>>> print(open('model.pdb').read())   # PDB, C-alpha atoms and all ligand atoms
ATOM      1  CA  MET A   1     -39.579 -36.537-155.119
ATOM      2  CA  ASP A   2     -41.536 -39.802-155.216
ATOM      3  CA  ILE A   3     -39.899 -42.909-156.637
ATOM      4  CA  CYS A   4     -41.781 -42.759-159.962
ATOM      5  CA  HIS A   5     -40.533 -39.214-160.603
ATOM      6  CA  GLN A   6     -37.006 -40.220-159.562
ATOM      7  CA  ILE A   7     -37.158 -42.996-162.163
ATOM      8  CA  LEU A   8     -38.521 -40.597-164.777
ATOM      9  CA  GLU A   9     -35.705 -38.124-164.074
ATOM     10  CA  LYS A  10     -33.156 -40.879-164.715
ATOM     11  CA  ILE A  11     -34.922 -41.943-167.900
ATOM     12  CA  LYS A  12     -34.837 -38.361-169.186
ATOM     13  CA  ARG A  13     -31.087 -38.202-168.617
ATOM     14  CA  TYR A  14     -30.074 -41.215-170.716
ATOM     15  CA  ASP A  15     -30.037 -41.637-174.497
ATOM     16  CA  THR A  16     -29.942 -45.432-174.345
ATOM     17  CA  ILE A  17     -32.188 -47.478-172.086
ATOM     18  CA  ILE A  18     -31.930 -51.272-171.934
ATOM     19  CA  ILE A  19     -34.734 -53.159-170.218
ATOM     20  CA  HIS A  20     -34.262 -56.637-168.734
ATOM     21  CA  ARG A  21     -36.583 -59.096-166.935
ATOM     22  CA  HIS A  22     -36.352 -62.568-165.435
ATOM     23  CA  LEU A  23     -35.286 -65.856-166.993
ATOM     24  CA  LYS A  24     -38.041 -68.150-168.230
ATOM     25  CA  PRO A  25     -40.335 -65.171-168.808
ATOM     26  CA  ASP A  26     -44.070 -65.240-168.214
ATOM     27  CA  PRO A  27     -46.610 -62.719-169.559
ATOM     28  CA  ASP A  28     -45.937 -60.324-166.665
ATOM     29  CA  ALA A  29     -42.169 -60.361-167.218
ATOM     30  CA  LEU A  30     -42.655 -59.582-170.898
ATOM     31  CA  GLY A  31     -45.653 -57.302-170.372
ATOM     32  CA  SER A  32     -43.787 -55.088-167.893
ATOM     33  CA  GLN A  33     -40.541 -55.133-169.872
ATOM     34  CA  VAL A  34     -41.925 -54.458-173.333
ATOM     35  CA  GLY A  35     -44.848 -52.420-171.975
ATOM     36  CA  LEU A  36     -42.311 -50.053-170.401
ATOM     37  CA  LYS A  37     -40.354 -50.006-173.639
ATOM     38  CA  ALA A  38     -43.490 -49.109-175.641
ATOM     39  CA  LEU A  39     -44.404 -46.412-173.115
ATOM     40  CA  LEU A  40     -40.962 -44.825-173.271
ATOM     41  CA  GLU A  41     -40.723 -45.056-177.066
ATOM     42  CA  HIS A  42     -44.063 -43.286-177.291
ATOM     43  CA  HIS A  43     -42.757 -40.328-175.283
ATOM     44  CA  PHE A  44     -39.071 -40.286-176.111
ATOM     45  CA  PRO A  45     -38.789 -41.211-179.810
ATOM     46  CA  GLU A  46     -35.262 -39.781-179.911
ATOM     47  CA  LYS A  47     -33.945 -42.332-177.396
ATOM     48  CA  THR A  48     -32.704 -45.851-178.167
ATOM     49  CA  ILE A  49     -34.763 -48.228-176.058
ATOM     50  CA  LYS A  50     -34.204 -51.973-176.154
ATOM     51  CA  ALA A  51     -35.734 -55.034-174.548
ATOM     52  CA  VAL A  52     -33.203 -57.800-174.009
ATOM     53  CA  GLY A  53     -33.389 -61.496-173.195
ATOM     54  CA  PHE A  54     -34.140 -64.919-174.594
ATOM     55  CA  ASP A  55     -36.992 -64.926-177.104
ATOM     56  CA  GLU A  56     -39.378 -67.362-175.428
ATOM     57  CA  PRO A  57     -41.109 -69.161-178.349
ATOM     58  CA  THR A  58     -44.352 -69.860-176.454
ATOM     59  CA  LEU A  59     -44.784 -66.126-175.853
ATOM     60  CA  ALA A  60     -43.516 -64.833-179.192
ATOM     61  CA  TRP A  61     -47.082 -63.742-180.013
ATOM     62  CA  LEU A  62     -46.889 -61.287-177.106
ATOM     63  CA  ALA A  63     -43.465 -59.696-177.431
ATOM     64  CA  LYS A  64     -40.156 -59.914-179.245
ATOM     65  CA  MET A  65     -36.700 -59.068-177.923
ATOM     66  CA  ASP A  66     -34.191 -56.735-179.564
ATOM     67  CA  PRO A  67     -30.614 -57.528-180.522
ATOM     68  CA  VAL A  68     -28.338 -55.826-177.982
ATOM     69  CA  GLN A  69     -24.578 -55.480-178.423
ATOM     70  CA  ASP A  70     -22.120 -55.243-175.523
ATOM     71  CA  SER A  71     -21.244 -51.750-176.692
ATOM     72  CA  ASP A  72     -24.883 -50.648-176.277
ATOM     73  CA  TYR A  73     -24.401 -50.800-172.510
ATOM     74  CA  GLN A  74     -21.795 -48.066-172.558
ATOM     75  CA  GLY A  75     -23.315 -45.094-170.749
ATOM     76  CA  ALA A  76     -26.754 -46.731-170.785
ATOM     77  CA  LEU A  77     -29.523 -46.773-168.222
ATOM     78  CA  VAL A  78     -30.510 -50.359-167.382
ATOM     79  CA  ILE A  79     -33.928 -51.165-165.918
ATOM     80  CA  VAL A  80     -34.764 -54.652-164.648
ATOM     81  CA  CYS A  81     -38.461 -55.499-164.338
ATOM     82  CA  ASP A  82     -40.155 -58.265-162.346
ATOM     83  CA  THR A  83     -36.963 -59.897-161.049
ATOM     84  CA  ALA A  84     -36.308 -60.312-157.325
ATOM     85  CA  ASN A  85     -32.721 -61.530-157.431
ATOM     86  CA  THR A  86     -29.746 -61.010-159.730
ATOM     87  CA  ALA A  87     -29.345 -64.755-160.393
ATOM     88  CA  ARG A  88     -32.741 -64.694-162.127
ATOM     89  CA  ILE A  89     -32.038 -61.728-164.406
ATOM     90  CA  ASP A  90     -32.093 -62.711-168.041
ATOM     91  CA  ASP A  91     -28.912 -61.560-169.676
ATOM     92  CA  LYS A  92     -26.073 -61.124-167.271
ATOM     93  CA  ARG A  93     -24.978 -57.867-168.851
ATOM     94  CA  TYR A  94     -27.506 -56.036-166.654
ATOM     95  CA  ASN A  95     -24.627 -54.575-164.614
ATOM     96  CA  GLN A  96     -22.708 -53.270-167.625
ATOM     97  CA  GLY A  97     -24.626 -49.997-167.864
ATOM     98  CA  ASP A  98     -24.076 -46.663-166.177
ATOM     99  CA  PHE A  99     -27.030 -46.823-163.771
ATOM    100  CA  LEU A 100     -29.297 -49.694-162.696
ATOM    101  CA  ILE A 101     -32.957 -49.518-161.657
ATOM    102  CA  LYS A 102     -34.947 -52.404-160.183
ATOM    103  CA  ILE A 103     -38.744 -52.370-160.571
ATOM    104  CA  ASP A 104     -40.396 -55.389-158.972
ATOM    105  CA  HIS A 105     -43.385 -56.673-157.045
ATOM    106  CA  HIS A 106     -41.715 -59.670-155.394
ATOM    107  CA  PRO A 107     -40.494 -59.518-151.798
ATOM    108  CA  ASN A 108     -37.255 -57.505-151.899
ATOM    109  CA  ASP A 109     -35.042 -60.423-150.868
ATOM    110  CA  GLU A 110     -32.014 -59.167-152.735
ATOM    111  CA  VAL A 111     -31.607 -55.423-152.909
ATOM    112  CA  TYR A 112     -29.721 -54.655-156.104
ATOM    113  CA  GLY A 113     -29.445 -51.600-158.307
ATOM    114  CA  ASP A 114     -28.753 -47.909-157.773
ATOM    115  CA  LEU A 115     -32.448 -47.133-157.483
ATOM    116  CA  VAL A 116     -34.981 -49.660-156.253
ATOM    117  CA  TRP A 117     -38.765 -49.600-156.511
ATOM    118  CA  THR A 118     -40.389 -52.691-155.053
ATOM    119  CA  ASP A 119     -44.044 -52.965-154.203
ATOM    120  CA  THR A 120     -45.369 -56.287-152.934
ATOM    121  CA  ASN A 121     -48.861 -54.780-152.885
ATOM    122  CA  SER A 122     -48.858 -54.754-156.672
ATOM    123  CA  SER A 123     -50.424 -57.736-158.388
ATOM    124  CA  SER A 124     -47.749 -57.627-161.045
ATOM    125  CA  ALA A 125     -44.815 -55.672-162.372
ATOM    126  CA  SER A 126     -47.135 -54.646-165.208
ATOM    127  CA  GLU A 127     -49.448 -52.992-162.671
ATOM    128  CA  MET A 128     -46.410 -51.061-161.404
ATOM    129  CA  ILE A 129     -45.522 -49.852-164.909
ATOM    130  CA  ALA A 130     -49.126 -48.726-165.437
ATOM    131  CA  LEU A 131     -48.941 -46.939-162.084
ATOM    132  CA  PHE A 132     -45.642 -45.343-163.087
ATOM    133  CA  ALA A 133     -47.299 -44.005-166.259
ATOM    134  CA  GLU A 134     -50.235 -42.704-164.236
ATOM    135  CA  LYS A 135     -48.110 -41.004-161.573
ATOM    136  CA  THR A 136     -45.761 -39.379-164.082
ATOM    137  CA  GLN A 137     -48.688 -38.491-166.351
ATOM    138  CA  LEU A 138     -47.224 -40.269-169.345
ATOM    139  CA  ALA A 139     -50.112 -41.436-171.505
ATOM    140  CA  LEU A 140     -49.772 -45.026-172.674
ATOM    141  CA  SER A 141     -49.776 -46.102-176.287
ATOM    142  CA  ASP A 142     -52.300 -48.754-177.378
ATOM    143  CA  GLN A 143     -49.467 -51.279-177.608
ATOM    144  CA  ALA A 144     -48.211 -50.469-174.101
ATOM    145  CA  ALA A 145     -51.735 -50.777-172.697
ATOM    146  CA  GLU A 146     -52.200 -54.178-174.340
ATOM    147  CA  LEU A 147     -48.894 -55.523-173.003
ATOM    148  CA  LEU A 148     -49.589 -54.301-169.476
ATOM    149  CA  PHE A 149     -53.101 -55.723-169.608
ATOM    150  CA  ALA A 150     -51.660 -59.105-170.651
ATOM    151  CA  GLY A 151     -49.129 -58.978-167.810
ATOM    152  CA  ILE A 152     -51.783 -58.228-165.208
ATOM    153  CA  ILE A 153     -54.062 -61.006-166.483
ATOM    154  CA  GLY A 154     -51.104 -63.382-166.390
ATOM    155  CA  ASP A 155     -49.948 -62.666-162.848
ATOM    156  CA  THR A 156     -53.416 -62.441-161.288
ATOM    157  CA  GLY A 157     -54.616 -65.649-162.959
ATOM    158  CA  ARG A 158     -57.238 -63.457-164.597
ATOM    159  CA  PHE A 159     -58.116 -61.725-161.312
ATOM    160  CA  LEU A 160     -58.322 -64.991-159.371
ATOM    161  CA  TYR A 161     -55.436 -64.552-156.924
ATOM    162  CA  PRO A 162     -55.701 -62.504-153.723
ATOM    163  CA  SER A 163     -53.007 -60.143-155.066
ATOM    164  CA  THR A 164     -55.822 -58.645-157.170
ATOM    165  CA  THR A 165     -56.840 -55.389-155.470
ATOM    166  CA  ALA A 166     -59.246 -52.514-156.051
ATOM    167  CA  ARG A 167     -56.276 -50.683-157.555
ATOM    168  CA  THR A 168     -55.681 -53.567-159.972
ATOM    169  CA  PHE A 169     -59.258 -53.222-161.207
ATOM    170  CA  ARG A 170     -58.977 -49.453-161.445
ATOM    171  CA  ILE A 171     -55.831 -49.829-163.529
ATOM    172  CA  VAL A 172     -57.193 -52.522-165.854
ATOM    173  CA  SER A 173     -60.283 -50.412-166.283
ATOM    174  CA  SER A 174     -58.128 -47.543-167.542
ATOM    175  CA  LEU A 175     -56.085 -49.897-169.773
ATOM    176  CA  ARG A 176     -59.316 -51.166-171.331
ATOM    177  CA  GLU A 177     -59.953 -47.622-172.629
ATOM    178  CA  TYR A 178     -57.129 -48.062-175.153
ATOM    179  CA  ASN A 179     -57.586 -49.439-178.601
ATOM    180  CA  PHE A 180     -56.392 -53.053-178.704
ATOM    181  CA  ASP A 181     -58.062 -56.316-179.566
ATOM    182  CA  PHE A 182     -59.260 -57.178-176.073
ATOM    183  CA  ALA A 183     -61.279 -60.225-177.113
ATOM    184  CA  SER A 184     -58.498 -61.857-179.045
ATOM    185  CA  LEU A 185     -55.914 -61.121-176.317
ATOM    186  CA  THR A 186     -57.978 -62.552-173.468
ATOM    187  CA  ARG A 187     -59.071 -65.519-175.588
ATOM    188  CA  LYS A 188     -55.460 -66.196-176.538
ATOM    189  CA  MET A 189     -54.466 -66.176-172.873
ATOM    190  CA  ASP A 190     -57.210 -68.663-172.030
ATOM    191  CA  THR A 191     -56.484 -71.022-174.899
ATOM    192  CA  MET A 192     -54.295 -74.105-174.763
ATOM    193  CA  SER A 193     -53.043 -76.459-177.409
ATOM    194  CA  PHE A 194     -54.503 -79.952-177.576
ATOM    195  CA  LYS A 195     -51.258 -81.479-176.317
ATOM    196  CA  ILE A 196     -51.328 -79.224-173.227
ATOM    197  CA  ALA A 197     -54.941 -80.249-172.612
ATOM    198  CA  LYS A 198     -53.763 -83.863-172.682
ATOM    199  CA  LEU A 199     -50.894 -83.091-170.309
ATOM    200  CA  GLN A 200     -53.434 -81.477-167.998
ATOM    201  CA  GLY A 201     -55.323 -84.765-168.098
ATOM    202  CA  TYR A 202     -52.109 -86.516-167.041
ATOM    203  CA  VAL A 203     -51.660 -84.079-164.162
ATOM    204  CA  TYR A 204     -55.190 -84.689-162.872
ATOM    205  CA  ASP A 205     -54.738 -88.438-163.278
ATOM    206  CA  HIS A 206     -51.447 -88.596-161.398
ATOM    207  CA  LEU A 207     -51.870 -85.927-158.755
ATOM    208  CA  GLU A 208     -51.134 -87.167-155.247
ATOM    209  CA  VAL A 209     -53.106 -85.305-152.576
ATOM    210  CA  ASP A 210     -52.682 -85.833-148.855
ATOM    211  CA  GLU A 211     -55.405 -85.524-146.209
ATOM    212  CA  ASN A 212     -54.577 -81.836-145.620
ATOM    213  CA  GLY A 213     -54.649 -80.825-149.262
ATOM    214  CA  ALA A 214     -50.916 -80.887-150.058
ATOM    215  CA  ALA A 215     -50.557 -82.126-153.620
ATOM    216  CA  ARG A 216     -47.751 -83.027-155.973
ATOM    217  CA  VAL A 217     -47.118 -84.393-159.408
ATOM    218  CA  LEU A 218     -43.885 -85.236-161.183
ATOM    219  CA  LEU A 219     -43.397 -84.540-164.872
ATOM    220  CA  SER A 220     -40.393 -86.570-165.970
ATOM    221  CA  GLN A 221     -38.465 -85.978-169.179
ATOM    222  CA  GLU A 222     -40.133 -89.132-170.448
ATOM    223  CA  ILE A 223     -43.591 -87.656-169.863
ATOM    224  CA  LEU A 224     -42.617 -84.301-171.390
ATOM    225  CA  LYS A 225     -41.407 -86.174-174.474
ATOM    226  CA  LYS A 226     -44.500 -88.376-174.598
ATOM    227  CA  TYR A 227     -46.770 -85.310-174.579
ATOM    228  CA  ASP A 228     -44.320 -83.371-176.774
ATOM    229  CA  VAL A 229     -44.134 -80.394-174.407
ATOM    230  CA  THR A 230     -41.220 -78.237-173.306
ATOM    231  CA  ASP A 231     -40.495 -77.129-169.770
ATOM    232  CA  ALA A 232     -41.705 -73.618-170.695
ATOM    233  CA  GLU A 233     -45.018 -74.998-171.921
ATOM    234  CA  THR A 234     -45.735 -76.570-168.524
ATOM    235  CA  ALA A 235     -46.546 -73.013-167.370
ATOM    236  CA  ALA A 236     -49.988 -73.555-168.879
ATOM    237  CA  ILE A 237     -50.895 -76.308-166.406
ATOM    238  CA  VAL A 238     -49.353 -74.935-163.203
ATOM    239  CA  GLY A 239     -52.699 -73.630-161.968
ATOM    240  CA  ALA A 240     -54.637 -76.799-162.834
ATOM    241  CA  PRO A 241     -54.416 -78.562-159.422
ATOM    242  CA  GLY A 242     -55.845 -75.444-157.756
ATOM    243  CA  ARG A 243     -59.186 -76.063-159.430
ATOM    244  CA  ILE A 244     -59.668 -79.136-157.259
ATOM    245  CA  ASP A 245     -61.555 -78.336-154.049
ATOM    246  CA  SER A 246     -59.552 -80.673-151.799
ATOM    247  CA  VAL A 247     -56.193 -79.229-152.919
ATOM    248  CA  SER A 248     -54.845 -76.334-150.848
ATOM    249  CA  LEU A 249     -51.226 -76.153-152.020
ATOM    250  CA  TRP A 250     -49.177 -78.001-154.572
ATOM    251  CA  GLY A 251     -45.855 -78.613-156.258
ATOM    252  CA  ILE A 252     -45.254 -79.541-159.874
ATOM    253  CA  PHE A 253     -41.844 -81.182-160.191
ATOM    254  CA  VAL A 254     -40.581 -80.791-163.738
ATOM    255  CA  GLU A 255     -37.496 -82.816-164.602
ATOM    256  CA  GLN A 256     -34.978 -80.777-166.596
ATOM    257  CA  THR A 257     -32.692 -82.083-169.338
ATOM    258  CA  ASP A 258     -29.712 -81.946-166.947
ATOM    259  CA  GLY A 259     -31.542 -84.196-164.479
ATOM    260  CA  HIS A 260     -32.453 -81.622-161.843
ATOM    261  CA  TYR A 261     -36.042 -80.602-161.091
ATOM    262  CA  ARG A 262     -37.669 -77.228-161.441
ATOM    263  CA  VAL A 263     -40.362 -77.166-158.790
ATOM    264  CA  ARG A 264     -43.306 -74.891-159.397
ATOM    265  CA  LEU A 265     -45.057 -74.198-156.110
ATOM    266  CA  ARG A 266     -48.510 -72.716-155.648
ATOM    267  CA  SER A 267     -50.885 -72.258-152.707
ATOM    268  CA  LYS A 268     -54.399 -70.964-152.248
ATOM    269  CA  ILE A 269     -53.891 -69.418-148.794
ATOM    270  CA  HIS A 270     -50.798 -70.501-146.842
ATOM    271  CA  PRO A 271     -47.379 -69.140-147.845
ATOM    272  CA  ILE A 272     -45.021 -71.643-149.459
ATOM    273  CA  ASN A 273     -42.181 -69.310-150.461
ATOM    274  CA  GLN A 274     -40.182 -70.307-147.371
ATOM    275  CA  VAL A 275     -40.061 -73.851-148.739
ATOM    276  CA  ALA A 276     -38.904 -72.415-152.087
ATOM    277  CA  LYS A 277     -36.184 -70.361-150.396
ATOM    278  CA  GLU A 278     -34.848 -73.428-148.612
ATOM    279  CA  HIS A 279     -34.485 -75.197-151.941
ATOM    280  CA  ASP A 280     -32.606 -72.782-154.168
ATOM    281  CA  GLY A 281     -35.590 -70.679-155.099
ATOM    282  CA  GLY A 282     -37.968 -67.995-153.970
ATOM    283  CA  GLY A 283     -40.905 -65.968-155.186
ATOM    284  CA  HIS A 284     -44.250 -64.787-153.882
ATOM    285  CA  PRO A 285     -45.941 -66.213-150.780
ATOM    286  CA  LEU A 286     -48.512 -68.046-152.916
ATOM    287  CA  ALA A 287     -46.526 -68.605-156.126
ATOM    288  CA  SER A 288     -42.895 -69.594-155.953
ATOM    289  CA  GLY A 289     -40.311 -71.726-157.634
ATOM    290  CA  ALA A 290     -37.564 -73.985-156.279
ATOM    291  CA  ASN A 291     -34.876 -76.286-157.629
ATOM    292  CA  SER A 292     -34.359 -79.835-156.499
ATOM    293  CA  TYR A 293     -31.287 -81.885-157.273
ATOM    294  CA  SER A 294     -32.459 -85.430-156.481
ATOM    295  CA  LEU A 295     -35.514 -87.589-155.962
ATOM    296  CA  GLU A 296     -34.713 -87.451-152.227
ATOM    297  CA  GLU A 297     -34.884 -83.680-152.304
ATOM    298  CA  ASN A 298     -38.230 -83.942-154.137
ATOM    299  CA  GLU A 299     -39.464 -86.055-151.227
ATOM    300  CA  GLN A 300     -38.101 -83.531-148.746
ATOM    301  CA  ILE A 301     -39.861 -80.646-150.512
ATOM    302  CA  TYR A 302     -43.158 -82.535-150.530
ATOM    303  CA  LYS A 303     -42.663 -83.326-146.829
ATOM    304  CA  GLU A 304     -42.219 -79.601-146.137
ATOM    305  CA  LEU A 305     -45.290 -78.767-148.212
ATOM    306  CA  LYS A 306     -47.311 -81.335-146.273
ATOM    307  CA  GLU A 307     -46.073 -79.733-143.072
ATOM    308  CA  VAL A 308     -47.293 -76.304-144.206
ATOM    309  CA  ALA A 309     -50.696 -77.806-145.025
ATOM    310  CA  ARG A 310     -50.840 -79.773-141.764
ATOM    311  CA  THR A 311     -49.897 -76.919-139.441
ATOM    312  CA  ASN A 312     -52.466 -74.675-141.074
ATOM    313  CA  GLN A 313     -55.326 -77.099-140.654
ATOM    314  CA  GLY A 314     -58.213 -76.075-138.415
TER     315      GLY A 314
HETATM  316  P1  LIG B 401     -43.019 -70.145-161.878
HETATM  317  O1  LIG B 401     -43.474 -71.409-161.270
HETATM  318  O2  LIG B 401     -41.746 -70.289-162.639
HETATM  319  O3  LIG B 401     -44.099 -69.504-162.657
HETATM  320  O4  LIG B 401     -42.620 -69.137-160.707
HETATM  321  C1  LIG B 401     -43.540 -68.609-159.809
HETATM  322  C2  LIG B 401     -42.951 -67.453-159.082
HETATM  323  O5  LIG B 401     -41.799 -67.841-158.361
HETATM  324  C3  LIG B 401     -42.507 -66.329-159.983
HETATM  325  O6  LIG B 401     -42.884 -65.128-159.366
HETATM  326  C4  LIG B 401     -41.021 -66.449-160.045
HETATM  327  O7  LIG B 401     -40.429 -65.204-160.198
HETATM  328  C5  LIG B 401     -40.659 -67.101-158.737
HETATM  329  N1  LIG B 401     -39.554 -68.041-158.924
HETATM  330  C6  LIG B 401     -39.565 -69.165-159.683
HETATM  331  N2  LIG B 401     -38.382 -69.809-159.637
HETATM  332  C7  LIG B 401     -37.589 -69.077-158.828
HETATM  333  C8  LIG B 401     -36.218 -69.202-158.382
HETATM  334  N3  LIG B 401     -35.456 -70.215-158.757
HETATM  335  N4  LIG B 401     -35.762 -68.234-157.566
HETATM  336  C9  LIG B 401     -36.516 -67.208-157.166
HETATM  337  N5  LIG B 401     -37.806 -67.034-157.556
HETATM  338  C10 LIG B 401     -38.340 -67.953-158.362
END
>>> encode(input="model.pdb", output="structure tokens", more="lines below")
Ligand code: AMP
Amino acid sequence: MDICHQILEKIKRYDTIIIHRHLKPDPDALGSQVGLKALLEHHFPEKTIKAVGFDEPTLAWLAKMDPVQDSDYQGALVIVCDTANTARIDDKRYNQGDFLIKIDHHPNDEVYGDLVWTDTNSSSASEMIALFAEKTQLALSDQAAELLFAGIIGDTGRFLYPSTTARTFRIVSSLREYNFDFASLTRKMDTMSFKIAKLQGYVYDHLEVDENGAARVLLSQEILKKYDVTDAETAAIVGAPGRIDSVSLWGIFVEQTDGHYRVRLRSKIHPINQVAKEHDGGGHPLASGANSYSLEENEQIYKELKEVARTNQG
């Protein structure tokens, strides 16, 4: 039996299904999580299906979480979407159920769960959920199609990143057949608030770029306060340096309230996830995240990024 049918068999066997995803969710985390929930609710109305995790205010327009009690986990099937490692799973109760399934498109650095489906050839976890529906011949609802579409747009940078494949286009083409407000969804995902536009101006103004295209910018707590933006809202400007022709890879160092730095790493061609892994992080070859615990470590990370850019020159 292929993995999608193995997952479906498990789903059929449980009355309660609780779906998790990663901390600090992005549209793909929510799209895959709540898209799967909508798909399953459509086909199994008799089951209790819940999406759990922190309700990220900047993405409340896309999806809302459900209240989940500890007792709900008793005898439940738990599915974790879009999360490579257990430390990143939002809501630590993920291991309180009866059976655990991992569905993810990141490199399988930490194998967890009783059943694992990872596919690094998928642009997004949302693409995997759409594929799951296709393979198991479960028709999507309009709501599920919209959420999965949003997730794919989010993780492919609207079909910009090389993770976008012919299959991605085939799948989004089929999602587009459903009845949802395509124009308002895609417009919403391309819109930023005025304060984010101003922060983007700050990023362009203060970006340091070396001769090989390694770039960095630091967003201190002071700057976040000045522009009135939260750490979560900085997601909107992570791609901005990539629009500059002389930039090949970059790090955005966001100071957290506890003084450490969340480092958002991106690259056009050369993998930077090794740098992320060496600094308490991980992720995709071209889109990863790290944590730095001092200004010295920030310097070290930038040094390593410069090294990646330098050794890949010519
Ligand atoms: P972000 O910059 O938060 O959008 O993250 C980019 C990618 O790196 C996403 O695929 C994340 O799942 C992954 N990532 C970010 N932070 C971490 C971390 N601390 N550990 C592992 N993966 C991470």
>>> closest_residue(input="model.pdb", among="A:Pro67, A:Gly154, A:Pro162, A:Pro241", to="ligand LIG 401 (chain B)", atoms="all atoms listed in the file")
A:Gly154
>>> resolve_selection(input="model.pdb", expression="the PyMOL selection byres (((not hetatm)) within 9 of (chain B and resi 401))", output="PyMOL selection string")
chain A and resi 22-26+29+82-85+87-88+105-106+155+232+235+238+252+262-266+273+276-277+279-291
>>> residues_near_point(input="model.pdb", point="(-48.2, -42.4, -172.2)", cutoff="10 Å", atoms="only C-alpha atoms", output="list in words")
Leu36, Ala38, Leu39, Leu40, Glu41, His42, His43, Ala130, Phe132, Ala133, Glu134, Thr136, Gln137, Leu138, Ala139, Leu140, Ser141, Asp142, Ala144 and Ala145 of chain A
>>> resolve_selection(input="model.pdb", expression="the PyMOL selection byres (((chain A and resi 111) around 12) and not hetatm)", output="list in words")
Thr83, Ala84, Asn85, Thr86, Leu100, Ile101, Lys102, Ile103, Asp104, His106, Pro107, Asn108, Asp109, Glu110, Tyr112, Gly113, Asp114, Leu115, Val116, Trp117 and Thr118 of chain A
>>> atom_distance(input="model.pdb", atom1="atom CA of A:His20", atom2="atom CA of A:Tyr94")
7.1 Å
>>> residues_around(input="model.pdb", residues="A:Ile129", least_positions_apart="2", cutoff="8 Å", atoms="all atoms listed in the file", output="PDB file with C-alpha atoms, keeping the file's coordinate frame")
ATOM      1  CA  SER A  32     -43.787 -55.088-167.893  1.00  0.00           C
ATOM      2  CA  GLY A  35     -44.848 -52.420-171.975  1.00  0.00           C
ATOM      3  CA  LEU A  36     -42.311 -50.053-170.401  1.00  0.00           C
ATOM      4  CA  ALA A 125     -44.815 -55.672-162.372  1.00  0.00           C
ATOM      5  CA  SER A 126     -47.135 -54.646-165.208  1.00  0.00           C
ATOM      6  CA  GLU A 127     -49.448 -52.992-162.671  1.00  0.00           C
ATOM      7  CA  LEU A 131     -48.941 -46.939-162.084  1.00  0.00           C
ATOM      8  CA  PHE A 132     -45.642 -45.343-163.087  1.00  0.00           C
ATOM      9  CA  ALA A 133     -47.299 -44.005-166.259  1.00  0.00           C
ATOM     10  CA  LEU A 148     -49.589 -54.301-169.476  1.00  0.00           C
TER      11      LEU A 148
END
